[in-house]
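As structure tokens, the structure follows; a few thoughts come after it.
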Amino acid sequence: MENLPKTNIPETFKRKQINLVGVLENLGQTIIPDLGSLESQHDFRTPEFEEFNGKSDSLFFNDGQRRIDFVLVYEDESRKETSKKGTNEKQRRKRQAYESNLICHGLQLEATRSVLDDKLVFVKVHAPWEVLCTYAEIMHIKLPLKPNDLKNRSSAFGTLNWFTKVLSVDESIIKPEQEFFTAPFEKNRMNDFYIVDRDAFFNPATRSRIVYFILSRVKYQLINNVSKFGINRLVNSGIYKAAFPLHDCKFRRQSEDPSCPNERYLLYREWAHPRSIYKKQPLDLIRKYYGEKIGIYFAWLGYYTQMLLLAAIVGVACFLYGYLNQDNCTWSKEVCHPDIGGKIIMCPQCDRLCPFWKLNITCESSKKLCIFDSFGTLVFAVFMGVWVTLFLEFWKRRQAELEYEWDTVELQQEEQARPEYEARCTHVVINEITQEEERIPFTAWGKCIRITLCASAVFFWILLIIASVIGIIVYRLSVFIVFSAKLPKNVNGTDPIQKYLTPQTATSITASIISFIIIMILNTIYEKVAIMITNFELPRTQTDYENSLTMKMFLFQFVNYYSSCFYIAFFKGKFVGYPGDPVYWLGKYRNEECDPGGCLLELTTQLTIIMGGKAIWNNIQEVLLPWIMNLIGRFHRVSGSEKITPRWEQDYHLQPMGKLGLFYEYLEMIIQFGFVTLFVASFPLAPLLALVNNILEIRVDAWKLTTQFRRLVPEKAQDIGAWQPIMQGIAILAVVTNAMIIAFTSDMIPRLVYYWSFSVPPYGDHTSYTMEGYINNTLSIFKVADFKNKSKGNPYSELGNHTTCRYRDFRYPPGHPQEYKHNIYYWHVIAAKLAFIIVMEHIIYSVKFFISYAIPDVSKRTKSKIQREKYLTQKLLHENHLKDMTKNMGMIAERMIEAVDNNLRPKLE
């Protein structure tokens, strides 16, 4: 902090600051400027004397020359009606000290009172040329050296060019950005850079980033040798109401100022407006206006959405295959047939209250199951295993192109420590590399303790999530008994309630809805917990902070969103025993059983409710909430005044995005990515739902950023950060989960085993391969007299005097020497399932490895561009350096010759 540069400051300000520094040194307190001196630096004219001359979109100081790079907003304590005079005085002194220190670092300030509320004061901040140059060098900002002479490769397909042109933004509206070779800025080499116009050399986004860098590091208080600094702390403590850069104009119409680029208007018209929903995104303009971090997010989201189009087409094809072939589903016909399913009496699925039931009451669910549990499911699961690899590999190439085009190839070298980290650097150690002293926030032992505490906290909260999942399971077990006892018991198939609403269906739907509500509640809690843990961990850079928070939040969300799906897919109905000896959960609740067709349909229902509910909830949060808040704000501000509101006041009344706003956008999409890949074998329409959602998501996010939120501080970003390895981990896990869903959750493997082996002798009764008799083969026989007292059910009177019932398993019948033990068919099916998982995983992993090896992360053309830029940059800087050296050597030689000549001439004379 002490190494921040002192730029050229007017002499009047220097004289005033000398006394303030003396006060700081003598008293060890904050720099507190004289109020009169501060007001002499500001323009505190009251609103009635403010003359805007109709320029409500002005981006300059009152002189019309100095550009507004940042705006600070506070509430004037002298006009507040409050009894906390001491607190107000402390806030005023801290703010005055902070603003005085900003002036010390070369920034220029101008204050103006609000037009609508005279208690509000807007402090406009301007960074002069010298300040921009100084901090551009400190921040290693890359700036233009010379125009780029590398030509883009044109497509050889005229039709494709025409189609691409239709989808692209009109270049006459949004002109392509001129490309330059760039290098980190250095003041002593200023002549080497492409400076045509000083006012345009640093674009508004870069200016705002530099000013924010200064604002985040300037002190406002010093107590007991502990510095307090940064605009974030001042805003969080209420000393300032807000701090933000300005939008350049209104989003609905162009600015009247001819010097305004109207980029916000262009973004709204060609990006955020619904009529542009079919067009490509103007990524270069997004990056220029909002910074690389926002740009890379929308580039990734757009690419992900494009790749989802292929997955959605294949998914719909697989769904249609299952839908069109459901009438040929033999085992479903057997379930619905009155002489087969209508005469099969099933054993009760719970103790005492649950009745015996006929198999044909599951007719409708078995028909629906035929749509999703078909051969197309297997094909689609294999396809998605390959698709996710193609998506990740091609995205790496696209990301490498953006890194080159947006000058972020060597960004990691530019990143500075976070102000919060620097403020805690109190321990002095010797750097092993430089052998110089440096400050760190805590020792190695202290770091180990913090990491241990953070890991323990994360583990504790994950256990709480698992506890909530167990609560849902207990609900399912208990409410199933109620539904079994209360739902109508008419089994003739004419009752529409009984036909469509079975106890299993009612339990599944209500449990999914309750699970979704609990997920949303827990999300709010875990969001704050993850931020608290990460703040305690104290990462050094902003990238480290976001990556650490990302891993914690995703871990919480992964368990929160997917745990119920994992339970249905891999645990429900797998450990139930048999009617005479059931397995109990927690020693009290009898474990749930699946429908005779398996739990796949229930997993599909769970995914549909969570994905659909999540999309609706997020849209309500992202669109309606800020829109309503802004609408309420406008309603309260309309007080009969028709005065023109300046640009800074219009932006102040927009909603703040927050530093983690983009983080939540990524998290939302990655959770969706998990649903699309991890459980896609049970729901082939998931990519289609994700595609529709993402098409709307892009435009909703664009509309929200452009119209409802203040302009974000532009930030650099090289890639999508920790989300990339998270997606790679999901892609690897998705192969395993989909293989296990097909093997253990669906009924595909038992059907294939029956078709190829057990439908013909010696195991089956048919002379050819067929699926007839499959249902009877998968249902074992249990003798009613063998029920234990605890497990006895209440049989229907109309079922007659049946002595046996059926249940879903492969066990020997009563009377067999090994009665109720698993039969040989069971072990054949288990072997087939394990073999299928091993074969499917090895095939897909082999294809994934080959694709990853065959597709390089950086294309050959991008590598050539990067190498050529490095070569030309080094050559240009080297040649200019040689020219300067030659020029200096020539001047020195001339002076030496002149000096020698001057010394010898008198002697010769």
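Ordering of the structure tokens sets the chain letters (A, B, ...); residue numbers start at 1 within each chain; ligands are numbered from 1 in the order shown.
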message: Would you pick out the contacts of Asp747 (chain A) at 12 Å or less, using only C-alpha atoms, so that residues sharing its chain but fewer than 2 positions from it are not included, and give the list as a PyMOL selection string?
response: chain A and resi 331-332+366+369-370+372-375+377-378+594-601+682+740-745+749-754+774-775+778+808+829+833
What does the file look like for those residues with N, CA and C atoms, as an mmCIF file, in the first residue's frame?
```cif
data_model
loop_
_atom_site.group_PDB
_atom_site.id
_atom_site.type_symbol
_atom_site.label_atom_id
_atom_site.label_comp_id
_atom_site.auth_asym_id
_atom_site.auth_seq_id
_atom_site.Cartn_x
_atom_site.Cartn_y
_atom_site.Cartn_z
ATOM 1 N N TRP A 331 -44.036 -56.061 -22.663
ATOM 2 C CA TRP A 331 -44.177 -56.186 -21.206
ATOM 3 C C TRP A 331 -45.187 -55.200 -20.649
ATOM 4 N N SER A 332 -45.350 -54.023 -21.322
ATOM 5 C CA SER A 332 -46.396 -53.098 -20.883
ATOM 6 C C SER A 332 -47.784 -53.642 -21.200
ATOM 7 N N SER A 366 -46.687 -47.857 -16.671
ATOM 8 C CA SER A 366 -45.887 -48.762 -17.503
ATOM 9 C C SER A 366 -45.858 -48.293 -18.950
ATOM 10 N N LEU A 369 -43.458 -45.497 -19.042
ATOM 11 C CA LEU A 369 -42.109 -46.007 -18.870
ATOM 12 C C LEU A 369 -41.548 -46.546 -20.173
ATOM 13 N N CYS A 370 -42.423 -47.075 -21.035
ATOM 14 C CA CYS A 370 -41.972 -47.595 -22.326
ATOM 15 C C CYS A 370 -41.335 -46.509 -23.182
ATOM 16 N N PHE A 372 -39.478 -43.927 -22.110
ATOM 17 C CA PHE A 372 -38.138 -43.564 -21.646
ATOM 18 C C PHE A 372 -37.220 -44.774 -21.498
ATOM 19 N N ASP A 373 -37.778 -45.939 -21.217
ATOM 20 C CA ASP A 373 -36.955 -47.131 -21.011
ATOM 21 C C ASP A 373 -36.970 -47.972 -22.286
ATOM 22 N N SER A 374 -36.279 -47.471 -23.309
ATOM 23 C CA SER A 374 -36.236 -48.152 -24.593
ATOM 24 C C SER A 374 -34.794 -48.238 -25.077
ATOM 25 N N PHE A 375 -34.620 -48.859 -26.232
ATOM 26 C CA PHE A 375 -33.274 -48.976 -26.792
ATOM 27 C C PHE A 375 -32.700 -47.604 -27.123
ATOM 28 N N THR A 377 -32.793 -45.081 -25.312
ATOM 29 C CA THR A 377 -32.139 -44.565 -24.106
ATOM 30 C C THR A 377 -30.671 -44.946 -24.080
ATOM 31 N N LEU A 378 -30.370 -46.195 -24.426
ATOM 32 C CA LEU A 378 -28.981 -46.650 -24.461
ATOM 33 C C LEU A 378 -28.176 -45.878 -25.504
ATOM 34 N N CYS A 594 -39.747 -50.065 -5.738
ATOM 35 C CA CYS A 594 -40.044 -49.428 -7.025
ATOM 36 C C CYS A 594 -41.295 -50.054 -7.620
ATOM 37 N N ASP A 595 -41.835 -49.385 -8.627
ATOM 38 C CA ASP A 595 -42.902 -49.992 -9.409
ATOM 39 C C ASP A 595 -42.376 -51.261 -10.064
ATOM 40 N N PRO A 596 -43.275 -52.134 -10.534
ATOM 41 C CA PRO A 596 -42.797 -53.346 -11.222
ATOM 42 C C PRO A 596 -41.889 -53.030 -12.411
ATOM 43 N N GLY A 597 -42.003 -51.838 -12.986
ATOM 44 C CA GLY A 597 -41.140 -51.459 -14.103
ATOM 45 C C GLY A 597 -39.861 -50.771 -13.678
ATOM 46 N N GLY A 598 -39.643 -50.585 -12.383
ATOM 47 C CA GLY A 598 -38.428 -49.941 -11.900
ATOM 48 C C GLY A 598 -38.680 -48.505 -11.484
ATOM 49 N N CYS A 599 -37.591 -47.842 -11.052
ATOM 50 C CA CYS A 599 -37.684 -46.469 -10.553
ATOM 51 C C CYS A 599 -37.355 -45.423 -11.606
ATOM 52 N N LEU A 600 -37.194 -45.826 -12.852
ATOM 53 C CA LEU A 600 -36.767 -44.882 -13.880
ATOM 54 C C LEU A 600 -37.777 -43.764 -14.080
ATOM 55 N N LEU A 601 -39.078 -44.107 -14.088
ATOM 56 C CA LEU A 601 -40.094 -43.085 -14.298
ATOM 57 C C LEU A 601 -40.119 -42.091 -13.144
ATOM 58 N N SER A 682 -32.193 -41.154 -18.160
ATOM 59 C CA SER A 682 -33.575 -41.291 -17.696
ATOM 60 C C SER A 682 -34.492 -40.227 -18.285
ATOM 61 N N MET A 740 -24.814 -46.852 -14.914
ATOM 62 C CA MET A 740 -25.473 -47.476 -13.766
ATOM 63 C C MET A 740 -26.979 -47.282 -13.812
ATOM 64 N N ILE A 741 -27.431 -46.145 -14.349
ATOM 65 C CA ILE A 741 -28.885 -45.941 -14.487
ATOM 66 C C ILE A 741 -29.463 -46.976 -15.436
ATOM 67 N N ILE A 742 -28.794 -47.197 -16.562
ATOM 68 C CA ILE A 742 -29.286 -48.191 -17.522
ATOM 69 C C ILE A 742 -29.227 -49.591 -16.915
ATOM 70 N N ALA A 743 -28.163 -49.863 -16.159
ATOM 71 C CA ALA A 743 -27.987 -51.208 -15.626
ATOM 72 C C ALA A 743 -28.894 -51.486 -14.439
ATOM 73 N N PHE A 744 -28.981 -50.560 -13.490
ATOM 74 C CA PHE A 744 -29.655 -50.839 -12.217
ATOM 75 C C PHE A 744 -31.002 -50.139 -12.044
ATOM 76 N N THR A 745 -31.202 -48.984 -12.713
ATOM 77 C CA THR A 745 -32.460 -48.257 -12.522
ATOM 78 C C THR A 745 -33.488 -48.642 -13.575
ATOM 79 N N ILE A 749 -31.484 -54.242 -19.015
ATOM 80 C CA ILE A 749 -30.610 -55.411 -18.976
ATOM 81 C C ILE A 749 -31.392 -56.690 -18.659
ATOM 82 N N PRO A 750 -32.270 -56.680 -17.644
ATOM 83 C CA PRO A 750 -33.074 -57.908 -17.435
ATOM 84 C C PRO A 750 -33.893 -58.296 -18.666
ATOM 85 N N ARG A 751 -34.425 -57.323 -19.400
ATOM 86 C CA ARG A 751 -35.198 -57.643 -20.601
ATOM 87 C C ARG A 751 -34.303 -58.267 -21.670
ATOM 88 N N LEU A 752 -33.097 -57.704 -21.849
ATOM 89 C CA LEU A 752 -32.183 -58.259 -22.850
ATOM 90 C C LEU A 752 -31.741 -59.668 -22.473
ATOM 91 N N VAL A 753 -31.485 -59.877 -21.182
ATOM 92 C CA VAL A 753 -31.101 -61.221 -20.726
ATOM 93 C C VAL A 753 -32.236 -62.209 -20.985
ATOM 94 N N TYR A 754 -33.449 -61.766 -20.683
ATOM 95 C CA TYR A 754 -34.606 -62.646 -20.913
ATOM 96 C C TYR A 754 -34.781 -62.927 -22.397
ATOM 97 N N TYR A 774 -42.427 -62.112 -20.011
ATOM 98 C CA TYR A 774 -41.349 -61.451 -19.271
ATOM 99 C C TYR A 774 -41.815 -61.005 -17.881
ATOM 100 N N ILE A 775 -43.006 -60.405 -17.806
ATOM 101 C CA ILE A 775 -43.503 -59.908 -16.523
ATOM 102 C C ILE A 775 -43.648 -61.050 -15.523
ATOM 103 N N THR A 778 -40.293 -62.009 -14.096
ATOM 104 C CA THR A 778 -39.613 -61.088 -13.183
ATOM 105 C C THR A 778 -40.296 -60.979 -11.831
ATOM 106 N N ARG A 808 -41.557 -58.118 -6.891
ATOM 107 C CA ARG A 808 -40.531 -57.937 -7.910
ATOM 108 C C ARG A 808 -39.168 -58.394 -7.370
ATOM 109 N N VAL A 829 -28.447 -62.054 -14.289
ATOM 110 C CA VAL A 829 -28.780 -60.651 -14.526
ATOM 111 C C VAL A 829 -27.733 -59.738 -13.893
ATOM 112 N N LYS A 833 -25.409 -57.064 -15.815
ATOM 113 C CA LYS A 833 -25.368 -55.642 -15.468
ATOM 114 C C LYS A 833 -23.938 -55.164 -15.246
#
```
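Every protein or nucleic acid residue with an atom no more than 12 Å from Lys280 (chain A), counting only C-alpha atoms and leaving out same-chain residues fewer than 2 positions away, appears here: Phe163, Thr164, Lys165, Val166, Leu167, Ser168, Val169, Asp170, Glu270, Trp271, Ala272, Arg275, Ser276, Ile277, Tyr278, Pro282, Leu283, Asp284, Ile286, Phe298, Ala299, Leu301, Gly302, Tyr303, Thr305, Gln306, Ile695, Ile698 and Arg699 of chain A.
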query: Neighbours of region 523-532 of chain A within 10 Å (only C-alpha atoms; same-chain residues fewer than 4 positions away dropped), as a ChimeraX atom specification?
result: /A:454,457-458,461-462,465,517-519,536-537,545-546,548-557,560-561,660,664
- request: Kindly give the distance, in Å, that separates CA of Ile732 (chain A) and CA of Tyr845 (chain A), rounded to a single decimal.
  value: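 Value for the CA of Ile732 (chain A)-CA of Tyr845 (chain A) distance: 8.2 Å.
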message: When you count only C-alpha atoms, which of these residues is closest to Asp117 (chain A): A:Thr804, A:Gln399, A:Lys875, A:Thr645?
response: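 Closest candidate: A:Thr645.
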task: Enumerate as an MDAnalysis selection string all residues of region 111-325 of chain A assigned to helix (DSSP H, G or I) by DSSP on the backbone, naming them with the chain letters and numbers the document uses.
output: chainID A and resid 129:138 158:167 187:192 198:201 204:215 231:236 263:272 274:276 283:290 292:324
- request: For CA of Ser259 (chain A) and CA of Tyr289 (chain A), determine how far apart the two atoms are, in Å to one decimal place.
  value: 15.7 Å
- prompt: Counting only C-alpha atoms, which of A:Ser563, A:Lys659, A:Asn619, A:Ser365 gets nearest to Thr605 (chain A)?
  reply: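 Comparing A:Ser563, A:Lys659, A:Asn619, A:Ser365 against Thr605 (chain A), the winner is A:Ser365.
Residue neighbourhood of Leu688 (chain A), excluding near-sequence residues (fewer than 4 positions): Leu308, Leu309, Ala311, Ala312, Ile313, Gly315, Val316 and Val692 of chain A, at 8 Å, using only C-alpha atoms.
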Take the selection from the previous step and output its residues with all heavy atoms, as an mmCIF file, in the first residue's frame.
```
data_model
loop_
_atom_site.group_PDB
_atom_site.id
_atom_site.type_symbol
_atom_site.label_atom_id
_atom_site.label_comp_id
_atom_site.auth_asym_id
_atom_site.auth_seq_id
_atom_site.Cartn_x
_atom_site.Cartn_y
_atom_site.Cartn_z
ATOM 1 N N LEU A 308 -25.832 -27.604 -27.375
ATOM 2 C CA LEU A 308 -27.058 -28.256 -26.899
ATOM 3 C C LEU A 308 -28.040 -28.528 -28.039
ATOM 4 O O LEU A 308 -28.887 -29.427 -27.930
ATOM 5 C CB LEU A 308 -27.743 -27.389 -25.842
ATOM 6 C CG LEU A 308 -27.260 -27.538 -24.400
ATOM 7 C CD1 LEU A 308 -27.958 -26.523 -23.506
ATOM 8 C CD2 LEU A 308 -27.479 -28.946 -23.875
ATOM 9 N N LEU A 309 -27.941 -27.761 -29.120
ATOM 10 C CA LEU A 309 -28.845 -27.966 -30.254
ATOM 11 C C LEU A 309 -28.698 -29.376 -30.803
ATOM 12 O O LEU A 309 -29.699 -30.063 -31.068
ATOM 13 C CB LEU A 309 -28.556 -26.926 -31.339
ATOM 14 C CG LEU A 309 -29.407 -27.033 -32.612
ATOM 15 C CD1 LEU A 309 -30.882 -26.847 -32.286
ATOM 16 C CD2 LEU A 309 -28.963 -26.001 -33.638
ATOM 17 N N ALA A 311 -27.449 -32.033 -29.182
ATOM 18 C CA ALA A 311 -27.917 -32.970 -28.161
ATOM 19 C C ALA A 311 -29.441 -33.003 -28.095
ATOM 20 O O ALA A 311 -30.043 -34.074 -27.901
ATOM 21 C CB ALA A 311 -27.332 -32.588 -26.802
ATOM 22 N N ALA A 312 -30.079 -31.836 -28.262
ATOM 23 C CA ALA A 312 -31.544 -31.783 -28.206
ATOM 24 C C ALA A 312 -32.164 -32.532 -29.382
ATOM 25 O O ALA A 312 -33.173 -33.231 -29.218
ATOM 26 C CB ALA A 312 -32.007 -30.326 -28.197
ATOM 27 N N ILE A 313 -31.562 -32.418 -30.567
ATOM 28 C CA ILE A 313 -32.094 -33.119 -31.744
ATOM 29 C C ILE A 313 -32.030 -34.627 -31.542
ATOM 30 O O ILE A 313 -33.009 -35.349 -31.785
ATOM 31 C CB ILE A 313 -31.313 -32.694 -33.006
ATOM 32 C CG1 ILE A 313 -31.607 -31.226 -33.337
ATOM 33 C CG2 ILE A 313 -31.670 -33.584 -34.184
ATOM 34 C CD1 ILE A 313 -30.756 -30.679 -34.461
ATOM 35 N N GLY A 315 -31.803 -36.188 -28.663
ATOM 36 C CA GLY A 315 -32.685 -36.531 -27.553
ATOM 37 C C GLY A 315 -34.140 -36.618 -27.975
ATOM 38 O O GLY A 315 -34.859 -37.541 -27.565
ATOM 39 N N VAL A 316 -34.585 -35.667 -28.783
ATOM 40 C CA VAL A 316 -35.975 -35.698 -29.273
ATOM 41 C C VAL A 316 -36.187 -36.920 -30.157
ATOM 42 O O VAL A 316 -37.243 -37.572 -30.095
ATOM 43 C CB VAL A 316 -36.299 -34.397 -30.025
ATOM 44 C CG1 VAL A 316 -37.635 -34.510 -30.740
ATOM 45 C CG2 VAL A 316 -36.320 -33.217 -29.059
ATOM 46 N N VAL A 692 -33.970 -24.589 -24.690
ATOM 47 C CA VAL A 692 -34.983 -23.525 -24.654
ATOM 48 C C VAL A 692 -34.685 -22.554 -23.525
ATOM 49 O O VAL A 692 -34.758 -21.326 -23.691
ATOM 50 C CB VAL A 692 -36.393 -24.140 -24.509
ATOM 51 C CG1 VAL A 692 -37.435 -23.046 -24.324
ATOM 52 C CG2 VAL A 692 -36.731 -25.003 -25.713
#
```
- request: Show which residues sit within 8 Å of region 853-866 of chain A, as a ChimeraX atom specification. Count only C-alpha atoms, and ignore same-chain residues fewer than 5 positions away.
  value: /A:150,393-394,396-397,400-401,404
Please produce a file of those selected residues containing C-alpha atoms, as a tab-separated table (two decimals), in the first residue's frame.
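Wrote it out as out-v9.tsv, contents follow:
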```
chain	number	residue	atom	x	y	z
A	150	LEU	CA	-3.00	-10.85	-39.73
A	393	GLU	CA	-12.61	-29.94	-26.21
A	394	PHE	CA	-14.05	-27.53	-28.77
A	396	LYS	CA	-11.05	-25.07	-25.07
A	397	ARG	CA	-10.17	-24.17	-28.66
A	400	ALA	CA	-7.91	-20.05	-26.69
A	401	GLU	CA	-9.08	-17.92	-29.62
A	404	TYR	CA	-5.68	-14.18	-28.11
```
- prompt: Residues at most 10 Å from Leu779 (chain A), counting only C-alpha atoms, excluding those fewer than 2 positions away in the same chain, as a ChimeraX atom specification?
  reply: /A:344,346,596,774-777,781-782,805-811
Export of the given selection (C-alpha atoms) as a compact mmCIF listing (two decimals), in the first residue's frame:
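This is the output file out-v4.txt:
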```txt
# COMPACT_ATOMS: atom_id res chain seq x y z
CA ILE A 344 -51.58 -60.97 -10.78
CA MET A 346 -49.07 -58.15 -5.73
CA PRO A 596 -42.80 -53.35 -11.22
CA TYR A 774 -41.35 -61.45 -19.27
CA ILE A 775 -43.50 -59.91 -16.52
CA ASN A 776 -44.37 -63.30 -15.07
CA ASN A 777 -40.67 -64.18 -15.14
CA ILE A 781 -44.05 -65.95 -5.64
CA PHE A 782 -44.64 -65.50 -1.91
CA CYS A 805 -48.92 -62.98 -3.93
CA ARG A 806 -46.18 -61.73 -6.25
CA TYR A 807 -43.29 -59.34 -5.71
CA ARG A 808 -40.53 -57.94 -7.91
CA ASP A 809 -37.41 -60.08 -7.48
CA PHE A 810 -35.70 -63.22 -8.73
CA ARG A 811 -36.11 -65.75 -5.88
```
- prompt: What lies within 12 Å of Gly613 (chain A) using only C-alpha atoms, ignoring chain neighbours under 2 positions off, as a PyMOL selection string?
  reply: chain A and resi 512-517+519-520+561+605-611+615-620+672+689+693
